[in-house]
Structures are given as structure tokens and as C-alpha cells.
Amino acid sequence: MKIATWNINSLRLRLPLLKELINETQADVICLQETKVPDPLFPFEDIIKLGYPHYYFKGMKSYNGVAIISKHELIHVADTPDWCGRLDCRHIAAQLKTASGPITIHNFYVPAGGDIPDAETNPKFAHKLAFIEEATAWFEKNQPKRSILVGDLNTAPLEHDVWSHKQLLKVVCHTPPETERHNQWEKQGFLDAMRLIYPEPQKLYTWWSYRNRDWKKSNRGRRLDHIWISNDLKENLQAIEILAHARDWAPPSDHVPVIAELTL
DNA sequence: ATGGTCGTCTAACGA
């Protein structure tokens, strides 16, 4: 079973690239973030034509938005929290039917946190920290079993998840208040699947800024997108693929897809 | 040290 996660940065604009992802990977399940499409405008007919007749989505105008599309039957998981009480479409969950039984899939789009890493003066940073704390508390109470958590978590937790650990320690996404909370969240029953396959000190990036003239040449990347598996799925993990060349698809998202393969 | 670029009900906001 192949499960992909991708911050697509507008589903409607990049539908042709979603097709490209499908052609290349034949992923069974694709979790999308920043779909930027209100629910009444979700392009479900296109998604069905692409071979994904099972889907759940939660979107709004202009901002945020998440979707799970699947070749196999999904059951919606409805009783999930409204994080930070904002109704802002940053999480959706579904149960995937597999030969070995149901698997719960969580798809998250964690707040980016703004520019200044100070919760006192920057409400966006405070929101990010509060969001991660709420998620940590929820999974502490609801210990994940046969679960996969994916998404744009907007934190690069490890030294080799950024192009320069030293230079990014004061940059939002890699500051200690974020990485400590991120790691505490992961510890609520999850394993970092990407690092199980590609341990440190290998550099791993899933995002390259639009603001670099040549993303490949400067290679100032960050690992902001993640795939976590619950502890009980450790032996099921077969492979991880980071589709770095997708950064050159036109018009590119600033994030690239990550795909996990599991025997399920 | 600064500014650099995208996407969105084309305007300023969020990333």
C-alpha cells in the first residue's frame, strides 16, 4: 500500500500535476494540504476520473484546506477536534480498508507560524505552538494504533532536516520551542517513517522556497512534510520516496510529495 | 543585511 502526502498549494491550479504524481507513483491514498478550495467547488469529478472514487475533504476560501483521496474504500472519522477553535480546515481523518484490517489516516496542515519566533508578539507563532500542544494532548489520550499521520507539519525537527542547522535555529520552523513540541507530539505513539528509512545525518528536504532563483543549485531546503506511523506498524514499513524532481514540475508547488510504502 | 516569489474572488495577506 502506497500512501502519499503533498502540500499542493492550490488543488485546482495543480490538478495536472496531481495526475503526474499518480502516473508516476500509482499511490493508493493521497493526502493533500493547502487545497485552497471551498467544499462546494471541490473538483470531485476530476478526482474520480483520476481513479480515486473515495475521498474526504475539508476546505475554505483562499486558505488552508485538506483532502484524502483513495483508490480503496474510506470511512470518515468524524469525531476529531476543531484545533484551537478556529474551524480552519487543517486536519481530516479517515479509516482505510485493507486486507489486514482498517488503518486510520490523519492528514494535518499545521500553522506555519509567521515570521517572528516569539509567541508574545506574534500571534501566528503562538497559534502554531498551541496547535501542536493540543494535538499532543489529544494523541496522548487517544493512543494511535494502526495509524498513519501525515502532512505539512511546518517544522523541521532534526539538525539534518535543514540546509543549515546553525543559521535556522532562529528561523520559524526550526526553533527549539517548535522542535521540542513537534518531537513531544511524535512521541505520543508514533515513529518518524522517513528517518527509519533514511536516518541522520543524511540530509532530507521536502520544501524549497519560491524565493531562490535556482532551488536545486542553492539547495536551501527544509523537511517540513512528514509521515509518522504508529509503533505497531514499524515492521510494515517497506520504503519511503521523496519526489524531489516534482519541485521542477510546472507550475511547481514549493513542497514535493513524500510516499510511504507499507505491507498492509 | 536585505530581499527574494508564489497563490488567492487583483489586494493585501499568508506562506
# chains A, B, ... in the order shown; residues from 1 in each chain; ligands from 1
call {"tool": "closest_atom_pairs", "arguments": {"of": "chain A", "to": "chain B", "cutoff": "7 Å", "atoms": "only C-alpha atoms (C1' of nucleotides)", "output": "JSON lines"}}
result
{"residue": "A:Ser62", "atom": "CA", "partner": "B:DT8", "partner_atom": "C1'", "distance": 5.2}
{"residue": "A:Tyr210", "atom": "CA", "partner": "B:DT5", "partner_atom": "C1'", "distance": 5.0}
{"residue": "A:Arg211", "atom": "CA", "partner": "B:DT5", "partner_atom": "C1'", "distance": 4.8}
{"residue": "A:Asn212", "atom": "CA", "partner": "B:DG4", "partner_atom": "C1'", "distance": 6.7}
call {"tool": "residues_around", "arguments": {"residues": "region 40-46 of chain A", "least_positions_apart": "2", "cutoff": "10 Å", "atoms": "only C-alpha atoms (C1' of nucleotides)", "output": "PyMOL selection string"}}
result
chain A and resi 11-12+15+19+35-38+48-61+67+69
call {"tool": "atom_distance", "arguments": {"atom1": "CA of Val77 (chain A)", "atom2": "CA of Thr179 (chain A)"}}
result
28.0 Å
call {"tool": "select_by_dssp", "arguments": {"residues": "region 86-144 of chain A", "states": "strand (DSSP E or B)", "output": "JSON, numbers by chain"}}
result
{"A": [91, 92, 93, 94, 95, 96, 103, 104, 105, 106, 107, 108, 109]}
call {"tool": "residues_around", "arguments": {"residues": "Asn122 (chain A)", "least_positions_apart": "6", "cutoff": "12 Å", "atoms": "only C-alpha atoms (C1' of nucleotides)", "output": "MDAnalysis selection string"}}
result
chainID A and resid 112:116 128:129 172
call {"tool": "write_last_selection", "arguments": {"atoms": "C-alpha atoms", "output": "PDB file, in the first residue's frame"}}
result
ATOM      1  CA  ALA A 112       3.237  27.949   9.549  1.00  0.00           C
ATOM      2  CA  GLY A 113       3.780  30.355  12.429  1.00  0.00           C
ATOM      3  CA  GLY A 114       4.547  33.676  10.733  1.00  0.00           C
ATOM      4  CA  ASP A 115       7.955  35.314  10.569  1.00  0.00           C
ATOM      5  CA  ILE A 116       8.954  36.137  14.136  1.00  0.00           C
ATOM      6  CA  LYS A 128       1.374  27.193  15.979  1.00  0.00           C
ATOM      7  CA  LEU A 129       2.693  26.257  19.430  1.00  0.00           C
ATOM      8  CA  VAL A 172      10.486  29.773  12.299  1.00  0.00           C
TER       9      VAL A 172
END
call {"tool": "select_by_dssp", "arguments": {"residues": "region 159-203 of chain A", "states": "alpha helix (DSSP H)", "output": "list in words"}}
result
His165, Lys166, Gln167, Leu168, Pro176, Pro177, Glu178, Thr179, Glu180, Arg181, His182, Asn183, Gln184, Trp185, Glu186, Ala193, Met194, Arg195, Leu196 and Ile197 of chain A
call {"tool": "residues_around", "arguments": {"residues": "Ile229 (chain A)", "least_positions_apart": "4", "cutoff": "10 Å", "atoms": "only C-alpha atoms (C1' of nucleotides)", "output": "list in words"}}
result
Ile105, Pro144, Lys145, Arg146, Ser147, Ile148, Leu149, Val150, Glu186, Gly189, Phe190, Leu191, Asp192, Ala193, Met194, Leu233, Lys234, Asn236, Leu237, Ala260 and Leu262 of chain A
call {"tool": "write_last_selection", "arguments": {"atoms": "N, CA and C atoms", "output": "mmCIF file, in the first residue's frame"}}
result
data_model
loop_
_atom_site.group_PDB
_atom_site.id
_atom_site.type_symbol
_atom_site.label_atom_id
_atom_site.label_comp_id
_atom_site.auth_asym_id
_atom_site.auth_seq_id
_atom_site.Cartn_x
_atom_site.Cartn_y
_atom_site.Cartn_z
ATOM 1 N N ILE A 105 -5.937 7.071 9.084
ATOM 2 C CA ILE A 105 -5.035 8.037 8.455
ATOM 3 C C ILE A 105 -5.405 9.442 8.912
ATOM 4 N N PRO A 144 -2.381 6.210 19.339
ATOM 5 C CA PRO A 144 -2.578 5.689 17.987
ATOM 6 C C PRO A 144 -2.265 4.199 17.864
ATOM 7 N N LYS A 145 -3.189 3.485 17.224
ATOM 8 C CA LYS A 145 -2.994 2.068 16.897
ATOM 9 C C LYS A 145 -3.313 1.901 15.419
ATOM 10 N N ARG A 146 -2.457 1.171 14.717
ATOM 11 C CA ARG A 146 -2.635 1.003 13.269
ATOM 12 C C ARG A 146 -3.015 2.330 12.612
ATOM 13 N N SER A 147 -2.170 3.341 12.905
ATOM 14 C CA SER A 147 -2.436 4.700 12.438
ATOM 15 C C SER A 147 -1.237 5.259 11.683
ATOM 16 N N ILE A 148 -1.563 6.106 10.706
ATOM 17 C CA ILE A 148 -0.535 6.821 9.952
ATOM 18 C C ILE A 148 -0.901 8.297 10.001
ATOM 19 N N LEU A 149 0.059 9.122 10.418
ATOM 20 C CA LEU A 149 -0.170 10.568 10.481
ATOM 21 C C LEU A 149 0.760 11.216 9.469
ATOM 22 N N VAL A 150 0.190 11.971 8.548
ATOM 23 C CA VAL A 150 0.999 12.624 7.517
ATOM 24 C C VAL A 150 0.630 14.097 7.435
ATOM 25 N N GLU A 186 5.262 13.690 18.362
ATOM 26 C CA GLU A 186 5.622 12.422 17.720
ATOM 27 C C GLU A 186 5.715 11.282 18.745
ATOM 28 N N GLY A 189 3.288 7.885 20.580
ATOM 29 C CA GLY A 189 2.969 6.617 19.937
ATOM 30 C C GLY A 189 3.349 6.520 18.469
ATOM 31 N N PHE A 190 4.106 7.490 17.958
ATOM 32 C CA PHE A 190 4.462 7.472 16.536
ATOM 33 C C PHE A 190 5.961 7.291 16.310
ATOM 34 N N LEU A 191 6.300 6.843 15.103
ATOM 35 C CA LEU A 191 7.681 6.765 14.629
ATOM 36 C C LEU A 191 7.799 7.599 13.358
ATOM 37 N N ASP A 192 8.944 8.241 13.200
ATOM 38 C CA ASP A 192 9.236 9.075 12.041
ATOM 39 C C ASP A 192 9.672 8.150 10.898
ATOM 40 N N ALA A 193 8.726 7.828 10.025
ATOM 41 C CA ALA A 193 8.978 6.801 8.991
ATOM 42 C C ALA A 193 10.115 7.204 8.047
ATOM 43 N N MET A 194 10.202 8.498 7.719
ATOM 44 C CA MET A 194 11.250 8.936 6.794
ATOM 45 C C MET A 194 12.634 8.681 7.383
ATOM 46 N N LEU A 233 3.158 -0.409 13.576
ATOM 47 C CA LEU A 233 3.306 -0.592 12.119
ATOM 48 C C LEU A 233 4.774 -0.613 11.685
ATOM 49 N N LYS A 234 5.670 -0.592 12.658
ATOM 50 C CA LYS A 234 7.097 -0.478 12.317
ATOM 51 C C LYS A 234 7.552 -1.555 11.330
ATOM 52 N N ASN A 236 5.841 -3.051 9.219
ATOM 53 C CA ASN A 236 5.112 -2.984 7.951
ATOM 54 C C ASN A 236 5.723 -1.982 6.968
ATOM 55 N N LEU A 237 6.592 -1.113 7.478
ATOM 56 C CA LEU A 237 7.160 -0.082 6.614
ATOM 57 C C LEU A 237 8.186 -0.683 5.659
ATOM 58 N N ALA A 260 5.062 6.795 1.298
ATOM 59 C CA ALA A 260 5.462 5.650 2.120
ATOM 60 C C ALA A 260 4.824 4.395 1.547
ATOM 61 N N LEU A 262 3.871 0.514 2.591
ATOM 62 C CA LEU A 262 3.718 -0.406 3.717
ATOM 63 C C LEU A 262 3.030 -1.678 3.255
#
call {"tool": "atom_distance", "arguments": {"atom1": "CA of Arg181 (chain A)", "atom2": "CA of Arg222 (chain A)"}}
result
17.6 Å
call {"tool": "residues_around", "arguments": {"residues": "Glu73 (chain A)", "least_positions_apart": "5", "cutoff": "12 Å", "atoms": "only C-alpha atoms (C1' of nucleotides)", "output": "list in words"}}
result
Asp28, Val29, Tyr52, Pro53, His54, Tyr55, Tyr56, Ile68, Ala94, Gln95, Leu96, Lys97, Thr98, Ala99, Gly101, Pro102 and Ile103 of chain A
call {"tool": "residues_around", "arguments": {"residues": "Gln188 (chain A)", "least_positions_apart": "4", "cutoff": "9 Å", "atoms": "only C-alpha atoms (C1' of nucleotides)", "output": "list in words"}}
result
Thr136, Ala137, Phe139, Glu140, Lys141, Asn142, Gln143, Pro144, Gln184 and Ser230 of chain A
call {"tool": "write_last_selection", "arguments": {"atoms": "C-alpha atoms", "output": "tab-separated table (two decimals), in the first residue's frame"}}
result
chain	number	residue	atom	x	y	z
A	136	THR	CA	-0.02	16.25	21.56
A	137	ALA	CA	-2.59	16.18	24.37
A	139	PHE	CA	-2.94	11.77	20.93
A	140	GLU	CA	-1.77	11.22	24.48
A	141	LYS	CA	-5.40	10.47	25.35
A	142	ASN	CA	-6.10	8.66	22.07
A	143	GLN	CA	-3.00	6.49	21.68
A	144	PRO	CA	-2.58	5.69	17.99
A	184	GLN	CA	6.87	15.56	22.01
A	230	SER	CA	2.18	4.18	14.94
call {"tool": "closest_residue", "arguments": {"among": "A:Ile92, A:Leu153, A:Gly65, A:Lys203", "to": "Thr80 (chain A)", "atoms": "only C-alpha atoms"}}
result
A:Ile92
call {"tool": "atom_distance", "arguments": {"atom1": "CA of Asn9 (chain A)", "atom2": "CA of Asp254 (chain A)"}}
result
7.8 Å
call {"tool": "closest_residue", "arguments": {"among": "A:His255, A:His182, A:Lys71, A:His165", "to": "Trp207 (chain A)", "atoms": "only C-alpha atoms"}}
result
A:His255
call {"tool": "residues_around", "arguments": {"residues": "Trp6 (chain A)", "least_positions_apart": "4", "cutoff": "9 Å", "atoms": "only C-alpha atoms (C1' of nucleotides)", "output": "list in words"}}
result
Ile30, Cys31, Leu32, Gln33, Glu34, Gly151, Asp152, Asp225, His255, Val256, Pro257, Val258 and Ile259 of chain A
call {"tool": "write_last_selection", "arguments": {"atoms": "N, CA and C atoms", "output": "PDB file, in the first residue's frame"}}
result
ATOM      1  N   ILE A  30      -3.755   9.449  -1.354  1.00  0.00           N
ATOM      2  CA  ILE A  30      -3.004  10.697  -1.433  1.00  0.00           C
ATOM      3  C   ILE A  30      -3.634  11.703  -0.473  1.00  0.00           C
ATOM      4  N   CYS A  31      -2.810  12.222   0.432  1.00  0.00           N
ATOM      5  CA  CYS A  31      -3.252  13.243   1.383  1.00  0.00           C
ATOM      6  C   CYS A  31      -2.716  14.591   0.918  1.00  0.00           C
ATOM      7  N   LEU A  32      -3.618  15.540   0.742  1.00  0.00           N
ATOM      8  CA  LEU A  32      -3.250  16.852   0.214  1.00  0.00           C
ATOM      9  C   LEU A  32      -3.453  17.925   1.268  1.00  0.00           C
ATOM     10  N   GLN A  33      -2.580  18.939   1.227  1.00  0.00           N
ATOM     11  CA  GLN A  33      -2.745  20.110   2.093  1.00  0.00           C
ATOM     12  C   GLN A  33      -2.702  21.373   1.242  1.00  0.00           C
ATOM     13  N   GLU A  34      -3.217  22.446   1.828  1.00  0.00           N
ATOM     14  CA  GLU A  34      -3.364  23.734   1.130  1.00  0.00           C
ATOM     15  C   GLU A  34      -4.087  23.554  -0.210  1.00  0.00           C
ATOM     16  N   GLY A 151       1.467  14.816   6.710  1.00  0.00           N
ATOM     17  CA  GLY A 151       1.083  16.181   6.393  1.00  0.00           C
ATOM     18  C   GLY A 151       2.223  17.164   6.383  1.00  0.00           C
ATOM     19  N   ASP A 152       1.827  18.411   6.119  1.00  0.00           N
ATOM     20  CA  ASP A 152       2.751  19.536   6.218  1.00  0.00           C
ATOM     21  C   ASP A 152       2.710  19.977   7.671  1.00  0.00           C
ATOM     22  N   ASP A 225       7.501  18.297   5.624  1.00  0.00           N
ATOM     23  CA  ASP A 225       6.432  17.312   5.401  1.00  0.00           C
ATOM     24  C   ASP A 225       6.869  15.975   6.000  1.00  0.00           C
ATOM     25  N   HIS A 255       6.401  22.628  -2.074  1.00  0.00           N
ATOM     26  CA  HIS A 255       6.600  21.341  -1.399  1.00  0.00           C
ATOM     27  C   HIS A 255       6.613  20.222  -2.447  1.00  0.00           C
ATOM     28  N   VAL A 256       7.304  19.118  -2.132  1.00  0.00           N
ATOM     29  CA  VAL A 256       7.262  17.947  -3.015  1.00  0.00           C
ATOM     30  C   VAL A 256       6.571  16.784  -2.290  1.00  0.00           C
ATOM     31  N   PRO A 257       6.011  15.849  -3.059  1.00  0.00           N
ATOM     32  CA  PRO A 257       5.326  14.713  -2.442  1.00  0.00           C
ATOM     33  C   PRO A 257       6.302  13.758  -1.742  1.00  0.00           C
ATOM     34  N   VAL A 258       5.793  13.164  -0.670  1.00  0.00           N
ATOM     35  CA  VAL A 258       6.517  12.094   0.027  1.00  0.00           C
ATOM     36  C   VAL A 258       5.592  10.874   0.032  1.00  0.00           C
ATOM     37  N   ILE A 259       6.152   9.715  -0.279  1.00  0.00           N
ATOM     38  CA  ILE A 259       5.337   8.498  -0.382  1.00  0.00           C
ATOM     39  C   ILE A 259       5.917   7.409   0.513  1.00  0.00           C
TER      40      ILE A 259
END
